[in-house]
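> Got a structure for you, written out below as structure tokens; questions coming shortly.
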Amino acid sequence: MAGSRITVQVGERQLTLSNLEKVLYPRHGFTKGEVLDYYTRIAPVLLPHLRDRAVTFVRFPDGVGGGSFFEKDVSRHAPDWVRTACLAVGGRGQEPEIVAYPMIDDLPELVWAANLAALELHVHQWTVGPGDERRTPDRLVFDLDPGPGATVVDCSRVAERLHDVLVRDGLTPVAKTSGSKGMQLYAGVVTADGGEPSRYAKALAERLAAETPDLVVARMTKNLRPGKVFIDWSQNNPYKTTVAPYSLRGRDEPTVSAPVTWDEVRACRHVTHLRFTAGEVLRRVEEHGDLFADLERTRVPIPAIG
């Protein structure tokens with residue numbers, strides 16, 4: 001029934017879930033109940049990559065065809081058991097604003113977020129310490145965004161090149177799809193300087209753009225991007241976020257930002273080769289486990305820029 005509510009026990013918390021029959025992905029008939037089921041089942045591999053990270057929601061209360069909005073501050077409606085971190089946001093001359101970010105550390109908090117139709121979960125490349133202290137980054141990220149006429153196939157070719165350079169520099173790159181049209185590469189890092197990941201990523205992006213200007217661009221300028229892959233190194237800015245691994249995306253299909261193997265990246269020759277829906281990702285996790293786990297185990301200092 002429209003507007004129906006049920007009360008469920010999730011761990012030690014009671015949650016009231018609403019409108020489970022509501023279709024959030026009309027093309028697939030994928031309901032809010034199925035969104036909740038996906039996030040509940042994916043939680044064992046998703047939560048370790050959210051834990052201690054300030055989360056930004058992208059909410060789709062009327063489904064993917066009904067508009068969306070970003071939500072950082074949840075102080076007005078979060079239950080008192082949802083952990084929040086009060087962090088200053090701003091930059092580039094803006095006055096800082098204190099925002100109560102949700103911290104999705106356990107299953108009840110994840111189910112609460114999914115019940116808000118927070119289909120997408122975005123996180124920073126740093127964690128929050130005691131006293132809501134913003135730690136220095138522990139992740140390096142390259143966001144590969146294909147311009148008009150380019151696809152994830154082109155991103156895969158750029159990813160291969162980035163992989164080889166990062167490995168030579170002593171890093172262990174991990175790849176995932178964006179769940180949309182591109183992909184992201186990460187590496188676990190140790191640094192005492194919050195600006196170091198951006199400087200390293202920018203230098204590497206500019207190097208690849210200089211070597212293959214017909215395929216790679218390191219600047220966001222739109223007229224430079226047709227047929228090329230933009231390596232967005234600026235995602236390492238401490239104020240920016242990227243979509244979390246295993247997060248749904250608000251696209252026509254219930255696609256997921258899915259970790260992938262390097263064999264899959266090298267074999268990609270069609271856009272469908274690196275496109276995965278919620279059900280497919282659950283099956284992949286059963287088969288492969290958490291392909292993103294290496295990121296947490298392989299942190300090393302960022303190499304000097306050559």
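Identifiers in this document derive from the order of the structure tokens: chains are assigned A, B, ..., residues are numbered from 1 separately in each chain, and ligands are numbered from 1 in order of occurrence.
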Thr151 in chain A: which residues within 10 Å, counting only C-alpha atoms, same-chain residues fewer than 4 positions away excluded, as a count of residues only?

14

> Just list as a PyMOL selection string whatever in range 9-197 of chain A DSSP marks as helix (DSSP H, G or I).

chain A and resi 32-50+107-115+130-132+152-168+196-197

> What does the distance between CA of Arg251 in chain A and CA of Thr272 in chain A come to in Å, to one decimal place?

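Computed distance, CA of Arg251 in chain A to CA of Thr272 in chain A, equals 14.8 Å.
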
> Taking into account only C-alpha atoms, which residue in the set A:Thr221, A:Thr255, A:Ser180, A:Gln125 is nearest to Asn236 in chain A?

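Closest candidate: A:Gln125.
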
> For Phe292 in chain A, please output as a ChimeraX atom specification all residues within 8 Å (counting only C-alpha atoms; exclusion window: fewer than 3 positions along the same chain).

/A:174-175,245,259,295

> Rank A:Ala304, A:His77, A:Trp112, A:Leu144 by their smallest atom-to-atom distance to Gln9 in chain A, using only C-alpha atoms, and report the top residue only.

A:Trp112

> Using only C-alpha atoms, find each residue of range 62-102 of chain A with at least one atom at most 12 Å away from an atom of range 11-14 of chain A; report its shortest atom-to-atom pair and that distance in Å (one decimal), sort the rows by chain and rising residue number, and return the result as CSV.


residue,atom,partner,partner_atom,distance
A:Pro79,CA,A:Arg13,CA,10.5
A:Asp80,CA,A:Arg13,CA,11.3
A:Trp81,CA,A:Arg13,CA,8.7
A:Val82,CA,A:Arg13,CA,10.5

> Set the distance at 9 Å and use only C-alpha atoms: which residues neighbour Leu107 in chain A once local chain neighbours fewer than 6 positions away are removed? I'd like the list as a VMD selection string.

chain A and resid 10 to 11 39 to 40 43 to 44 47

> Residues as selected, C-alpha atoms, written as a compact mmCIF listing (two decimals), in the first residue's frame, can you do that?


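File written: again_22.txt
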# COMPACT_ATOMS: atom_id res chain seq x y z
CA VAL A 10 18.35 -3.79 12.81
CA GLY A 11 21.03 -4.83 15.23
CA TYR A 39 22.46 -2.06 1.04
CA THR A 40 21.75 -4.58 3.80
CA ALA A 43 27.03 -3.90 4.07
CA PRO A 44 29.83 -6.32 5.08
CA LEU A 47 30.91 -0.44 5.69

> Can you tell me, as a short mmCIF file (atom, residue, chain, number, x, y, z; two decimals) with N, CA, C and O atoms, in the first residue's frame, what residues are no more than 9 Å from Arg157 in chain A when counting only C-alpha atoms, ignoring any on the same chain fewer than 4 positions away?


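Full text of out.cif as output:
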data_model
loop_
_atom_site.label_atom_id
_atom_site.label_comp_id
_atom_site.auth_asym_id
_atom_site.auth_seq_id
_atom_site.Cartn_x
_atom_site.Cartn_y
_atom_site.Cartn_z
N VAL A 152 34.09 4.29 -21.30
CA VAL A 152 34.87 3.59 -20.29
C VAL A 152 35.95 2.71 -20.92
O VAL A 152 36.95 2.39 -20.27
N VAL A 153 35.79 2.36 -22.18
CA VAL A 153 36.85 1.61 -22.87
C VAL A 153 38.11 2.47 -22.95
O VAL A 153 39.22 2.00 -22.69
N ARG A 161 47.76 2.59 -18.17
CA ARG A 161 48.99 3.39 -18.12
C ARG A 161 49.23 3.93 -16.72
O ARG A 161 50.37 3.91 -16.21
N LEU A 162 48.18 4.43 -16.09
CA LEU A 162 48.31 4.92 -14.72
C LEU A 162 48.75 3.79 -13.79
O LEU A 162 49.60 3.99 -12.91
N VAL A 265 39.93 -4.76 -16.34
CA VAL A 265 40.24 -3.47 -16.96
C VAL A 265 40.96 -3.70 -18.29
O VAL A 265 40.62 -3.11 -19.32
N ARG A 266 41.94 -4.58 -18.29
CA ARG A 266 42.71 -4.84 -19.52
C ARG A 266 41.86 -5.47 -20.61
O ARG A 266 42.10 -5.26 -21.80
N CYS A 268 38.66 -4.91 -21.12
CA CYS A 268 37.49 -4.10 -21.47
C CYS A 268 37.58 -3.62 -22.92
O CYS A 268 38.50 -2.89 -23.29
#

> Rounded to one decimal, what separation in Å do you get between CA of Asp106 in chain A and CA of Ser247 in chain A?

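CA of Asp106 in chain A sits 15.0 Å away from CA of Ser247 in chain A.
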
> Just checking: using only C-alpha atoms, which residue out of A:Lys222, A:Pro303, A:Leu119, A:Glu264 ends up closest to Glu196 in chain A?

A:Pro303

> Give me the residues near Lys202 in chain A as a ChimeraX atom specification, where near means some atom within 9 Å (using only C-alpha atoms) and where sequence neighbours in that chain fewer than 6 positions away do not count.

/A:218,231-234

> Store the residues of this selection in a file with all heavy atoms, as a CSV table (one decimal), in the first residue's frame.


chain,number,residue,atom,x,y,z
A,218,ALA,N,44.3,16.9,-18.9
A,218,ALA,CA,44.5,17.1,-17.5
A,218,ALA,C,43.8,18.4,-17.0
A,218,ALA,O,43.9,18.7,-15.9
A,218,ALA,CB,46.0,17.1,-17.1
A,231,ILE,N,41.6,13.2,-16.8
A,231,ILE,CA,42.1,12.7,-15.5
A,231,ILE,C,41.9,13.8,-14.5
A,231,ILE,O,42.7,14.8,-14.4
A,231,ILE,CB,43.6,12.3,-15.5
A,231,ILE,CG1,43.9,11.2,-16.6
A,231,ILE,CG2,44.0,11.8,-14.2
A,231,ILE,CD1,45.3,10.8,-16.7
A,232,ASP,N,40.9,13.6,-13.7
A,232,ASP,CA,40.5,14.7,-12.7
A,232,ASP,C,41.3,14.4,-11.4
A,232,ASP,O,40.9,13.7,-10.5
A,232,ASP,CB,39.0,14.6,-12.4
A,232,ASP,CG,38.6,15.8,-11.5
A,232,ASP,OD1,39.5,16.6,-11.1
A,232,ASP,OD2,37.4,16.0,-11.3
A,233,TRP,N,42.5,15.0,-11.3
A,233,TRP,CA,43.3,14.9,-10.2
A,233,TRP,C,42.8,15.8,-9.0
A,233,TRP,O,43.2,15.6,-7.9
A,233,TRP,CB,44.8,15.4,-10.5
A,233,TRP,CG,44.8,16.8,-11.2
A,233,TRP,CD1,44.7,17.1,-12.5
A,233,TRP,CD2,44.8,18.0,-10.5
A,233,TRP,NE1,44.7,18.4,-12.7
A,233,TRP,CE2,44.8,19.0,-11.5
A,233,TRP,CE3,44.9,18.4,-9.2
A,233,TRP,CZ2,44.8,20.4,-11.2
A,233,TRP,CZ3,44.9,19.8,-8.9
A,233,TRP,CH2,44.9,20.7,-9.9
A,234,SER,N,41.9,16.8,-9.3
A,234,SER,CA,41.4,17.7,-8.3
A,234,SER,C,40.5,17.0,-7.2
A,234,SER,O,40.2,17.6,-6.2
A,234,SER,CB,40.7,18.9,-8.9
A,234,SER,OG,39.4,18.5,-9.4

> Expressed in Å to a single decimal, how great is the separation between CA of Thr56 in chain A and CA of Arg135 in chain A?

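We find that CA of Thr56 in chain A and CA of Arg135 in chain A lie 17.3 Å from each other.
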